[in-house]
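Colleague: Here you go, this is data_32.cif (mmCIF, N, CA and C atoms).
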data_upload
loop_
_atom_site.label_atom_id
_atom_site.label_comp_id
_atom_site.auth_asym_id
_atom_site.auth_seq_id
_atom_site.Cartn_x
_atom_site.Cartn_y
_atom_site.Cartn_z
N MET A 13 44.31 246.75 80.32
CA MET A 13 45.13 246.04 81.29
C MET A 13 44.87 244.53 81.17
N ALA A 14 45.91 243.76 81.21
CA ALA A 14 45.81 242.31 81.03
C ALA A 14 45.09 241.65 82.20
N VAL A 15 44.26 240.65 81.90
CA VAL A 15 43.58 239.88 82.93
C VAL A 15 44.37 238.64 83.32
N ILE A 16 45.37 238.27 82.50
CA ILE A 16 46.30 237.18 82.82
C ILE A 16 47.71 237.67 82.48
N LYS A 17 48.69 237.06 83.10
CA LYS A 17 50.07 237.39 82.77
C LYS A 17 50.43 236.76 81.43
N ALA A 18 51.05 237.56 80.58
CA ALA A 18 51.44 237.05 79.26
C ALA A 18 52.59 237.88 78.71
N ASN A 19 53.66 237.21 78.33
CA ASN A 19 54.76 237.90 77.67
C ASN A 19 54.55 237.81 76.16
N SER A 20 55.46 238.33 75.38
CA SER A 20 55.28 238.37 73.92
C SER A 20 55.21 236.96 73.32
N GLU A 21 55.93 236.00 73.87
CA GLU A 21 55.86 234.62 73.37
C GLU A 21 54.50 234.00 73.68
N ASP A 22 53.95 234.34 74.85
CA ASP A 22 52.61 233.85 75.21
C ASP A 22 51.56 234.40 74.25
N VAL A 23 51.68 235.67 73.90
CA VAL A 23 50.74 236.30 72.96
C VAL A 23 50.79 235.59 71.61
N LYS A 24 52.00 235.32 71.14
CA LYS A 24 52.15 234.60 69.86
C LYS A 24 51.57 233.20 69.94
N LEU A 25 51.82 232.50 71.05
CA LEU A 25 51.32 231.15 71.23
C LEU A 25 49.78 231.13 71.21
N LEU A 26 49.17 232.05 71.95
CA LEU A 26 47.71 232.12 71.95
C LEU A 26 47.19 232.49 70.56
N GLY A 27 47.84 233.40 69.89
CA GLY A 27 47.44 233.78 68.54
C GLY A 27 47.48 232.59 67.58
N ARG A 28 48.52 231.79 67.68
CA ARG A 28 48.62 230.59 66.83
C ARG A 28 47.49 229.61 67.14
N LEU A 29 47.18 229.45 68.42
CA LEU A 29 46.10 228.56 68.81
C LEU A 29 44.76 229.06 68.27
N MET A 30 44.50 230.33 68.43
CA MET A 30 43.24 230.92 67.96
C MET A 30 43.08 230.73 66.46
N ARG A 31 44.16 230.98 65.72
CA ARG A 31 44.12 230.80 64.26
C ARG A 31 43.89 229.34 63.90
N ALA A 32 44.65 228.45 64.50
CA ALA A 32 44.57 227.03 64.14
C ALA A 32 43.22 226.42 64.51
N GLU A 33 42.61 226.87 65.58
CA GLU A 33 41.33 226.32 66.00
C GLU A 33 40.14 226.94 65.27
N ALA A 34 40.26 228.21 64.84
CA ALA A 34 39.04 228.88 64.37
C ALA A 34 39.21 229.86 63.22
N GLU A 35 40.28 229.80 62.49
CA GLU A 35 40.48 230.76 61.40
C GLU A 35 39.30 230.77 60.44
N GLY A 36 38.72 229.62 60.16
CA GLY A 36 37.59 229.53 59.25
C GLY A 36 36.33 230.19 59.78
N GLU A 37 36.31 230.54 61.05
CA GLU A 37 35.15 231.18 61.67
C GLU A 37 35.35 232.69 61.80
N GLY A 38 36.42 233.19 61.19
CA GLY A 38 36.67 234.63 61.19
C GLY A 38 37.22 235.14 62.50
N GLU A 39 37.42 236.45 62.56
CA GLU A 39 38.01 237.05 63.75
C GLU A 39 37.16 236.83 64.99
N GLN A 40 35.84 236.90 64.84
CA GLN A 40 34.97 236.70 66.00
C GLN A 40 35.13 235.28 66.55
N GLY A 41 35.18 234.29 65.69
CA GLY A 41 35.40 232.92 66.14
C GLY A 41 36.76 232.74 66.79
N MET A 42 37.77 233.39 66.24
CA MET A 42 39.10 233.31 66.83
C MET A 42 39.13 233.94 68.22
N LEU A 43 38.44 235.07 68.37
CA LEU A 43 38.36 235.71 69.68
C LEU A 43 37.68 234.80 70.70
N MET A 44 36.68 234.05 70.26
CA MET A 44 35.99 233.14 71.17
C MET A 44 36.90 232.02 71.64
N VAL A 45 37.72 231.49 70.75
CA VAL A 45 38.71 230.49 71.16
C VAL A 45 39.66 231.10 72.19
N GLY A 46 40.06 232.32 71.96
CA GLY A 46 40.90 233.03 72.93
C GLY A 46 40.21 233.19 74.27
N ASN A 47 38.91 233.50 74.26
CA ASN A 47 38.17 233.59 75.52
C ASN A 47 38.24 232.29 76.30
N VAL A 48 38.03 231.17 75.62
CA VAL A 48 38.08 229.86 76.28
C VAL A 48 39.47 229.65 76.89
N GLY A 49 40.51 229.96 76.14
CA GLY A 49 41.87 229.80 76.67
C GLY A 49 42.14 230.66 77.88
N VAL A 50 41.78 231.93 77.81
CA VAL A 50 41.99 232.83 78.95
C VAL A 50 41.16 232.35 80.14
N ASN A 51 39.93 231.92 79.90
CA ASN A 51 39.10 231.42 81.00
C ASN A 51 39.71 230.20 81.67
N ARG A 52 40.36 229.35 80.91
CA ARG A 52 41.00 228.17 81.50
C ARG A 52 42.14 228.57 82.43
N ILE A 53 42.85 229.63 82.10
CA ILE A 53 43.92 230.12 82.97
C ILE A 53 43.33 230.82 84.19
N LEU A 54 42.30 231.63 83.99
CA LEU A 54 41.67 232.35 85.10
C LEU A 54 40.94 231.41 86.05
N GLY A 55 40.31 230.37 85.50
CA GLY A 55 39.37 229.56 86.24
C GLY A 55 39.92 228.82 87.43
N ASN A 56 41.06 228.17 87.27
CA ASN A 56 41.64 227.33 88.33
C ASN A 56 40.56 226.42 88.94
N CYS A 57 39.82 225.75 88.06
CA CYS A 57 38.71 224.92 88.51
C CYS A 57 38.53 223.73 87.57
N LEU A 58 37.74 222.77 88.04
CA LEU A 58 37.39 221.59 87.25
C LEU A 58 38.62 220.97 86.59
N ASP A 59 38.59 220.77 85.28
CA ASP A 59 39.71 220.15 84.57
C ASP A 59 40.92 221.07 84.42
N PHE A 60 40.81 222.30 84.89
CA PHE A 60 41.84 223.29 84.64
C PHE A 60 42.49 223.82 85.92
N ARG A 61 42.47 223.01 86.98
CA ARG A 61 43.18 223.38 88.22
C ARG A 61 44.68 223.43 87.94
N ASP A 62 45.30 224.43 88.52
CA ASP A 62 46.75 224.60 88.42
C ASP A 62 47.23 224.87 86.99
N ILE A 63 46.34 225.29 86.11
CA ILE A 63 46.73 225.78 84.78
C ILE A 63 46.90 227.28 84.95
N ARG A 64 48.11 227.74 85.14
CA ARG A 64 48.37 229.15 85.44
C ARG A 64 49.11 229.86 84.31
N LEU A 65 49.72 229.10 83.41
CA LEU A 65 50.55 229.69 82.35
C LEU A 65 49.98 229.36 80.97
N MET A 66 50.26 230.22 80.02
CA MET A 66 49.77 230.04 78.65
C MET A 66 50.20 228.68 78.09
N LYS A 67 51.46 228.34 78.25
CA LYS A 67 51.97 227.09 77.69
C LYS A 67 51.26 225.88 78.32
N GLN A 68 50.99 225.93 79.62
CA GLN A 68 50.26 224.84 80.29
C GLN A 68 48.86 224.70 79.69
N MET A 69 48.20 225.83 79.46
CA MET A 69 46.85 225.81 78.92
C MET A 69 46.83 225.28 77.49
N VAL A 70 47.70 225.78 76.66
CA VAL A 70 47.69 225.40 75.25
C VAL A 70 48.00 223.92 75.06
N PHE A 71 48.95 223.40 75.82
CA PHE A 71 49.41 222.02 75.62
C PHE A 71 48.88 221.03 76.65
N GLN A 72 47.86 221.40 77.40
CA GLN A 72 47.30 220.50 78.42
C GLN A 72 46.89 219.17 77.80
N ARG A 73 47.26 218.08 78.48
CA ARG A 73 46.87 216.73 78.08
C ARG A 73 46.52 215.96 79.34
N PRO A 74 45.39 215.27 79.40
CA PRO A 74 44.30 215.32 78.43
C PRO A 74 43.50 216.61 78.58
N GLY A 75 42.58 216.81 77.70
CA GLY A 75 41.67 217.94 77.79
C GLY A 75 42.11 219.18 77.05
N GLY A 76 43.19 219.08 76.31
CA GLY A 76 43.71 220.24 75.61
C GLY A 76 43.09 220.46 74.25
N PHE A 77 43.74 221.25 73.46
CA PHE A 77 43.23 221.64 72.15
C PHE A 77 43.73 220.70 71.06
N GLU A 78 42.84 220.32 70.18
CA GLU A 78 43.16 219.41 69.09
C GLU A 78 44.18 220.00 68.12
N ALA A 79 44.13 221.29 67.91
CA ALA A 79 44.99 221.92 66.90
C ALA A 79 46.47 221.73 67.18
N THR A 80 46.86 221.53 68.43
CA THR A 80 48.28 221.44 68.77
C THR A 80 48.95 220.17 68.24
N VAL A 81 48.17 219.24 67.74
CA VAL A 81 48.75 218.03 67.17
C VAL A 81 48.76 218.08 65.65
N LYS A 82 48.48 219.23 65.09
CA LYS A 82 48.45 219.39 63.63
C LYS A 82 49.47 220.44 63.21
N GLY A 83 50.03 220.25 62.05
CA GLY A 83 51.10 221.11 61.56
C GLY A 83 50.76 222.58 61.44
N TYR A 84 49.53 222.90 61.10
CA TYR A 84 49.15 224.30 60.89
C TYR A 84 49.39 225.14 62.14
N PHE A 85 49.20 224.55 63.30
CA PHE A 85 49.42 225.25 64.57
C PHE A 85 50.87 225.75 64.68
N TYR A 86 51.80 225.03 64.09
CA TYR A 86 53.22 225.33 64.28
C TYR A 86 53.77 226.38 63.32
N GLN A 87 52.94 226.98 62.51
CA GLN A 87 53.38 228.12 61.70
C GLN A 87 53.48 229.34 62.60
N ARG A 88 54.34 230.25 62.25
CA ARG A 88 54.53 231.43 63.10
C ARG A 88 53.26 232.25 63.17
N ALA A 89 53.11 232.98 64.26
CA ALA A 89 51.96 233.87 64.45
C ALA A 89 52.07 235.06 63.50
N ARG A 90 50.96 235.43 62.92
CA ARG A 90 50.91 236.62 62.07
C ARG A 90 50.47 237.81 62.91
N GLU A 91 50.62 239.00 62.35
CA GLU A 91 50.25 240.22 63.09
C GLU A 91 48.80 240.17 63.53
N ARG A 92 47.91 239.72 62.65
CA ARG A 92 46.49 239.64 63.01
C ARG A 92 46.28 238.69 64.19
N ASP A 93 46.98 237.57 64.20
CA ASP A 93 46.84 236.60 65.28
C ASP A 93 47.24 237.21 66.62
N THR A 94 48.37 237.91 66.64
CA THR A 94 48.83 238.50 67.90
C THR A 94 47.93 239.67 68.32
N ARG A 95 47.42 240.42 67.38
CA ARG A 95 46.50 241.52 67.70
C ARG A 95 45.25 240.98 68.38
N LEU A 96 44.68 239.91 67.83
CA LEU A 96 43.48 239.30 68.41
C LEU A 96 43.79 238.69 69.78
N ALA A 97 44.93 238.04 69.90
CA ALA A 97 45.32 237.44 71.19
C ALA A 97 45.45 238.52 72.26
N ARG A 98 46.03 239.64 71.92
CA ARG A 98 46.16 240.73 72.90
C ARG A 98 44.79 241.22 73.37
N ARG A 99 43.82 241.25 72.47
CA ARG A 99 42.48 241.71 72.84
C ARG A 99 41.87 240.82 73.93
N VAL A 100 41.98 239.50 73.79
CA VAL A 100 41.38 238.63 74.82
C VAL A 100 42.24 238.61 76.09
N ILE A 101 43.54 238.71 75.96
CA ILE A 101 44.40 238.80 77.14
C ILE A 101 44.07 240.07 77.92
N ASN A 102 43.68 241.11 77.23
CA ASN A 102 43.30 242.37 77.88
C ASN A 102 41.86 242.37 78.36
N GLY A 103 41.15 241.24 78.25
CA GLY A 103 39.85 241.12 78.87
C GLY A 103 38.64 241.21 77.96
N GLU A 104 38.83 241.34 76.65
CA GLU A 104 37.67 241.38 75.76
C GLU A 104 36.98 240.03 75.74
N LYS A 105 35.67 240.05 75.92
CA LYS A 105 34.89 238.81 75.94
C LYS A 105 33.83 238.87 74.85
N ILE A 106 33.64 237.75 74.17
CA ILE A 106 32.69 237.65 73.07
C ILE A 106 31.70 236.53 73.40
N TRP A 107 30.41 236.87 73.44
CA TRP A 107 29.37 235.87 73.68
C TRP A 107 29.24 234.99 72.44
N PRO A 108 29.05 233.70 72.56
CA PRO A 108 28.71 232.93 73.76
C PRO A 108 29.90 232.35 74.52
N ALA A 109 31.11 232.76 74.19
CA ALA A 109 32.30 232.19 74.83
C ALA A 109 32.75 232.98 76.06
N SER A 110 32.03 234.01 76.43
CA SER A 110 32.44 234.91 77.52
C SER A 110 32.90 234.18 78.77
N ASN A 111 32.17 233.14 79.17
CA ASN A 111 32.48 232.41 80.40
C ASN A 111 32.79 230.94 80.14
N SER A 112 32.99 230.59 78.88
CA SER A 112 33.15 229.18 78.50
C SER A 112 34.53 228.62 78.81
N LEU A 113 34.54 227.33 79.12
CA LEU A 113 35.77 226.58 79.28
C LEU A 113 35.93 225.52 78.20
N TRP A 114 34.86 225.27 77.45
CA TRP A 114 34.88 224.23 76.42
C TRP A 114 34.16 224.70 75.17
N PHE A 115 34.58 224.15 74.03
CA PHE A 115 33.85 224.31 72.79
C PHE A 115 34.14 223.09 71.94
N PHE A 116 33.23 222.78 71.04
CA PHE A 116 33.50 221.73 70.07
C PHE A 116 32.60 221.92 68.87
N ARG A 117 32.93 221.19 67.84
CA ARG A 117 32.21 221.26 66.57
C ARG A 117 31.42 219.97 66.36
N PRO A 118 30.13 219.99 66.67
CA PRO A 118 29.33 218.77 66.50
C PRO A 118 28.95 218.56 65.05
N SER A 119 28.55 217.36 64.72
CA SER A 119 28.10 217.09 63.36
C SER A 119 26.67 217.58 63.15
N GLY A 120 25.94 217.77 64.24
CA GLY A 120 24.57 218.28 64.15
C GLY A 120 24.38 219.45 65.08
N GLY A 121 23.26 219.44 65.79
CA GLY A 121 22.97 220.51 66.74
C GLY A 121 23.83 220.42 67.99
N CYS A 122 23.79 221.47 68.78
CA CYS A 122 24.55 221.52 70.03
C CYS A 122 23.82 220.73 71.11
N PRO A 123 24.48 219.77 71.74
CA PRO A 123 23.86 219.10 72.88
C PRO A 123 23.62 220.12 74.00
N GLY A 124 22.62 219.87 74.82
CA GLY A 124 22.31 220.77 75.93
C GLY A 124 23.41 220.86 76.96
N THR A 125 24.15 219.75 77.13
CA THR A 125 25.29 219.74 78.04
C THR A 125 26.44 219.00 77.37
N TRP A 126 27.64 219.29 77.83
CA TRP A 126 28.85 218.62 77.37
C TRP A 126 29.81 218.61 78.54
N TYR A 127 30.35 217.46 78.89
CA TYR A 127 31.16 217.32 80.10
C TYR A 127 30.43 217.90 81.31
N ASN A 128 29.11 217.67 81.35
CA ASN A 128 28.25 218.14 82.44
C ASN A 128 28.19 219.66 82.55
N GLN A 129 28.51 220.36 81.49
CA GLN A 129 28.44 221.82 81.49
C GLN A 129 27.34 222.27 80.53
N SER A 130 26.72 223.39 80.83
CA SER A 130 25.58 223.88 80.06
C SER A 130 26.00 224.57 78.77
N ASN A 131 25.19 224.34 77.75
CA ASN A 131 25.41 225.01 76.46
C ASN A 131 25.16 226.50 76.64
N ALA A 132 26.13 227.30 76.24
CA ALA A 132 26.00 228.75 76.31
C ALA A 132 25.52 229.33 74.98
N GLY A 133 25.71 228.59 73.90
CA GLY A 133 25.29 229.07 72.59
C GLY A 133 26.21 228.53 71.50
N ARG A 134 25.88 228.92 70.30
CA ARG A 134 26.63 228.46 69.14
C ARG A 134 27.07 229.66 68.33
N PHE A 135 28.27 229.55 67.75
CA PHE A 135 28.73 230.52 66.76
C PHE A 135 29.23 229.71 65.57
N LYS A 136 28.58 229.90 64.45
CA LYS A 136 28.88 229.15 63.23
C LYS A 136 28.90 227.66 63.54
N ALA A 137 30.03 227.00 63.40
CA ALA A 137 30.08 225.54 63.56
C ALA A 137 30.35 225.07 64.99
N HIS A 138 30.68 225.99 65.90
CA HIS A 138 31.12 225.59 67.23
C HIS A 138 30.08 225.89 68.31
N CYS A 139 29.97 224.96 69.25
CA CYS A 139 29.11 225.10 70.43
C CYS A 139 30.01 225.41 71.63
N PHE A 140 29.55 226.30 72.49
CA PHE A 140 30.33 226.73 73.66
C PHE A 140 29.62 226.33 74.94
N TYR A 141 30.41 225.93 75.94
CA TYR A 141 29.86 225.40 77.18
C TYR A 141 30.48 226.08 78.39
N ASN A 142 29.59 226.48 79.33
CA ASN A 142 30.01 227.20 80.52
C ASN A 142 29.93 226.32 81.75
N PRO A 143 30.89 226.50 82.66
CA PRO A 143 30.76 225.87 83.97
C PRO A 143 29.74 226.67 84.79
N SER A 144 29.30 226.13 85.89
CA SER A 144 28.42 226.91 86.76
C SER A 144 29.27 227.95 87.50
N ALA A 145 28.63 229.01 87.93
CA ALA A 145 29.33 230.04 88.69
C ALA A 145 29.81 229.48 90.03
N THR A 146 29.13 228.48 90.53
CA THR A 146 29.56 227.83 91.78
C THR A 146 30.84 227.04 91.58
N ASP A 147 30.93 226.31 90.45
CA ASP A 147 32.12 225.50 90.17
C ASP A 147 33.33 226.36 89.80
N CYS A 148 33.10 227.44 89.08
CA CYS A 148 34.21 228.25 88.54
C CYS A 148 33.89 229.75 88.65
N PRO A 149 33.86 230.29 89.84
CA PRO A 149 33.50 231.71 89.97
C PRO A 149 34.47 232.66 89.28
N ALA A 150 35.72 232.27 89.10
CA ALA A 150 36.71 233.18 88.52
C ALA A 150 36.47 233.50 87.05
N VAL A 151 35.65 232.71 86.35
CA VAL A 151 35.38 233.00 84.93
C VAL A 151 34.15 233.90 84.77
N TYR A 152 33.54 234.29 85.88
CA TYR A 152 32.37 235.16 85.84
C TYR A 152 32.69 236.53 86.37
#
Any chance you could put this one into structure tokens?
Modeller:
Amino acid sequence: MAVIKANSEDVKLLGRLMRAEAEGEGEQGMLMVGNVGVNRILGNCLDFRDIRLMKQMVFQRPGGFEATVKGYFYQRARERDTRLARRVINGEKIWPASNSLWFFRPSGGCPGTWYNQSNAGRFKAHCFYNPSATDCPAVY
């Protein structure tokens, strides 16, 4: 059962985002990007208040995803992309992105905090950051 509302176009949009942001990190990395996106819709907190729809989340400015300004994002979603997107829309969570609202690729190690949020862990090249349960209870 879906944890957020999503039609077939939303699934494709999230799949394209997951691929464009993390294809080089494999399916697990792509799922983590999806977790961050779903958490931003669920959270309704911090920088993501009133982000209720997939399109709002994907194209949020400022604070949105870097991939949306690059051409690769605009290629159509493949079957694998939509399959992975459906998994996170249906509630699958992958640590360390389970409760994360942010991730980035540092040139070195993961800072302990980013945007005043705690480091949840690293997967390959990306560091993931969680809000506190007090600030964003809906992502927990």
Colleague: For a test of reading the model, state the distance in Å between atom C of Ala150 in chain A and atom C of Ile53 in chain A, rounded to one decimal.
Modeller: 7.9 Å
Colleague: Which residues are near Lys24 in chain A? Cut-off 6.5 Å, only N, CA and C atoms, ignore same chain within fewer than 6 positions. Put them as an NGL selection string.
Modeller: :A and (89 or 93-94)
Colleague: Suppose a student applies the PyMOL selection byres (((chain A and resi 129 and name CA) around 10) and name CA) to this structure; what residues should they get, written as a ChimeraX atom specification?
Modeller: /A:112-114,124-128,130-132,140-144
Colleague: If we count all atoms listed in the file, what is near Asn51 in chain A at a cut-off of 6.5 Å, once residues fewer than 4 positions away on the same chain are taken out, given as an MDAnalysis selection string?
Modeller: chainID A and resid 46:47 55:56 111:113 151
Colleague: State, in Å with one decimal place, the distance from atom C of Lys105 in chain A to atom C of Met44 in chain A.
Modeller: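 About the pair atom C of Lys105 in chain A and atom C of Met44 in chain A: they are 8.2 Å apart.
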Colleague: Residues picked by the PyMOL selection byres ((chain A and resi 80) around 8) here, as a list of chain:residue names?
Modeller: A:Leu29, A:Ala32, A:Glu33, A:Val70, A:Phe71, A:Gly76, A:Phe77, A:Glu78, A:Ala79, A:Val81, A:Lys82, A:Gly83, A:Tyr84, A:Phe85, A:Tyr86
Colleague: Take the residues just selected and output them with N, CA and C atoms as a PDB file, in the frame of the given file.
Modeller:
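Saved file part-v2.pdb follows:
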ATOM      1  N   LEU A  29      47.180 229.450  68.420  1.00  0.00           N
ATOM      2  CA  LEU A  29      46.100 228.560  68.810  1.00  0.00           C
ATOM      3  C   LEU A  29      44.760 229.060  68.270  1.00  0.00           C
ATOM      4  N   ALA A  32      44.650 228.450  64.500  1.00  0.00           N
ATOM      5  CA  ALA A  32      44.570 227.030  64.140  1.00  0.00           C
ATOM      6  C   ALA A  32      43.220 226.420  64.510  1.00  0.00           C
ATOM      7  N   GLU A  33      42.610 226.870  65.580  1.00  0.00           N
ATOM      8  CA  GLU A  33      41.330 226.320  66.000  1.00  0.00           C
ATOM      9  C   GLU A  33      40.140 226.940  65.270  1.00  0.00           C
ATOM     10  N   VAL A  70      47.700 225.780  76.660  1.00  0.00           N
ATOM     11  CA  VAL A  70      47.690 225.400  75.250  1.00  0.00           C
ATOM     12  C   VAL A  70      48.000 223.920  75.060  1.00  0.00           C
ATOM     13  N   PHE A  71      48.950 223.400  75.820  1.00  0.00           N
ATOM     14  CA  PHE A  71      49.410 222.020  75.620  1.00  0.00           C
ATOM     15  C   PHE A  71      48.880 221.030  76.650  1.00  0.00           C
ATOM     16  N   GLY A  76      43.190 219.080  76.310  1.00  0.00           N
ATOM     17  CA  GLY A  76      43.710 220.240  75.610  1.00  0.00           C
ATOM     18  C   GLY A  76      43.090 220.460  74.250  1.00  0.00           C
ATOM     19  N   PHE A  77      43.740 221.250  73.460  1.00  0.00           N
ATOM     20  CA  PHE A  77      43.230 221.640  72.150  1.00  0.00           C
ATOM     21  C   PHE A  77      43.730 220.700  71.060  1.00  0.00           C
ATOM     22  N   GLU A  78      42.840 220.320  70.180  1.00  0.00           N
ATOM     23  CA  GLU A  78      43.160 219.410  69.090  1.00  0.00           C
ATOM     24  C   GLU A  78      44.180 220.000  68.120  1.00  0.00           C
ATOM     25  N   ALA A  79      44.130 221.290  67.910  1.00  0.00           N
ATOM     26  CA  ALA A  79      44.990 221.920  66.900  1.00  0.00           C
ATOM     27  C   ALA A  79      46.470 221.730  67.180  1.00  0.00           C
ATOM     28  N   VAL A  81      48.170 219.240  67.740  1.00  0.00           N
ATOM     29  CA  VAL A  81      48.750 218.030  67.170  1.00  0.00           C
ATOM     30  C   VAL A  81      48.760 218.080  65.650  1.00  0.00           C
ATOM     31  N   LYS A  82      48.480 219.230  65.090  1.00  0.00           N
ATOM     32  CA  LYS A  82      48.450 219.390  63.630  1.00  0.00           C
ATOM     33  C   LYS A  82      49.470 220.440  63.210  1.00  0.00           C
ATOM     34  N   GLY A  83      50.030 220.250  62.050  1.00  0.00           N
ATOM     35  CA  GLY A  83      51.100 221.110  61.560  1.00  0.00           C
ATOM     36  C   GLY A  83      50.760 222.580  61.440  1.00  0.00           C
ATOM     37  N   TYR A  84      49.530 222.900  61.100  1.00  0.00           N
ATOM     38  CA  TYR A  84      49.150 224.300  60.890  1.00  0.00           C
ATOM     39  C   TYR A  84      49.390 225.140  62.140  1.00  0.00           C
ATOM     40  N   PHE A  85      49.200 224.550  63.300  1.00  0.00           N
ATOM     41  CA  PHE A  85      49.420 225.250  64.570  1.00  0.00           C
ATOM     42  C   PHE A  85      50.870 225.750  64.680  1.00  0.00           C
ATOM     43  N   TYR A  86      51.800 225.030  64.090  1.00  0.00           N
ATOM     44  CA  TYR A  86      53.220 225.330  64.280  1.00  0.00           C
ATOM     45  C   TYR A  86      53.770 226.380  63.320  1.00  0.00           C
TER      46      TYR A  86
END
Colleague: In Å, how far is it from CA of Pro108 in chain A to CA of Arg90 in chain A?
Modeller: 25.4 Å
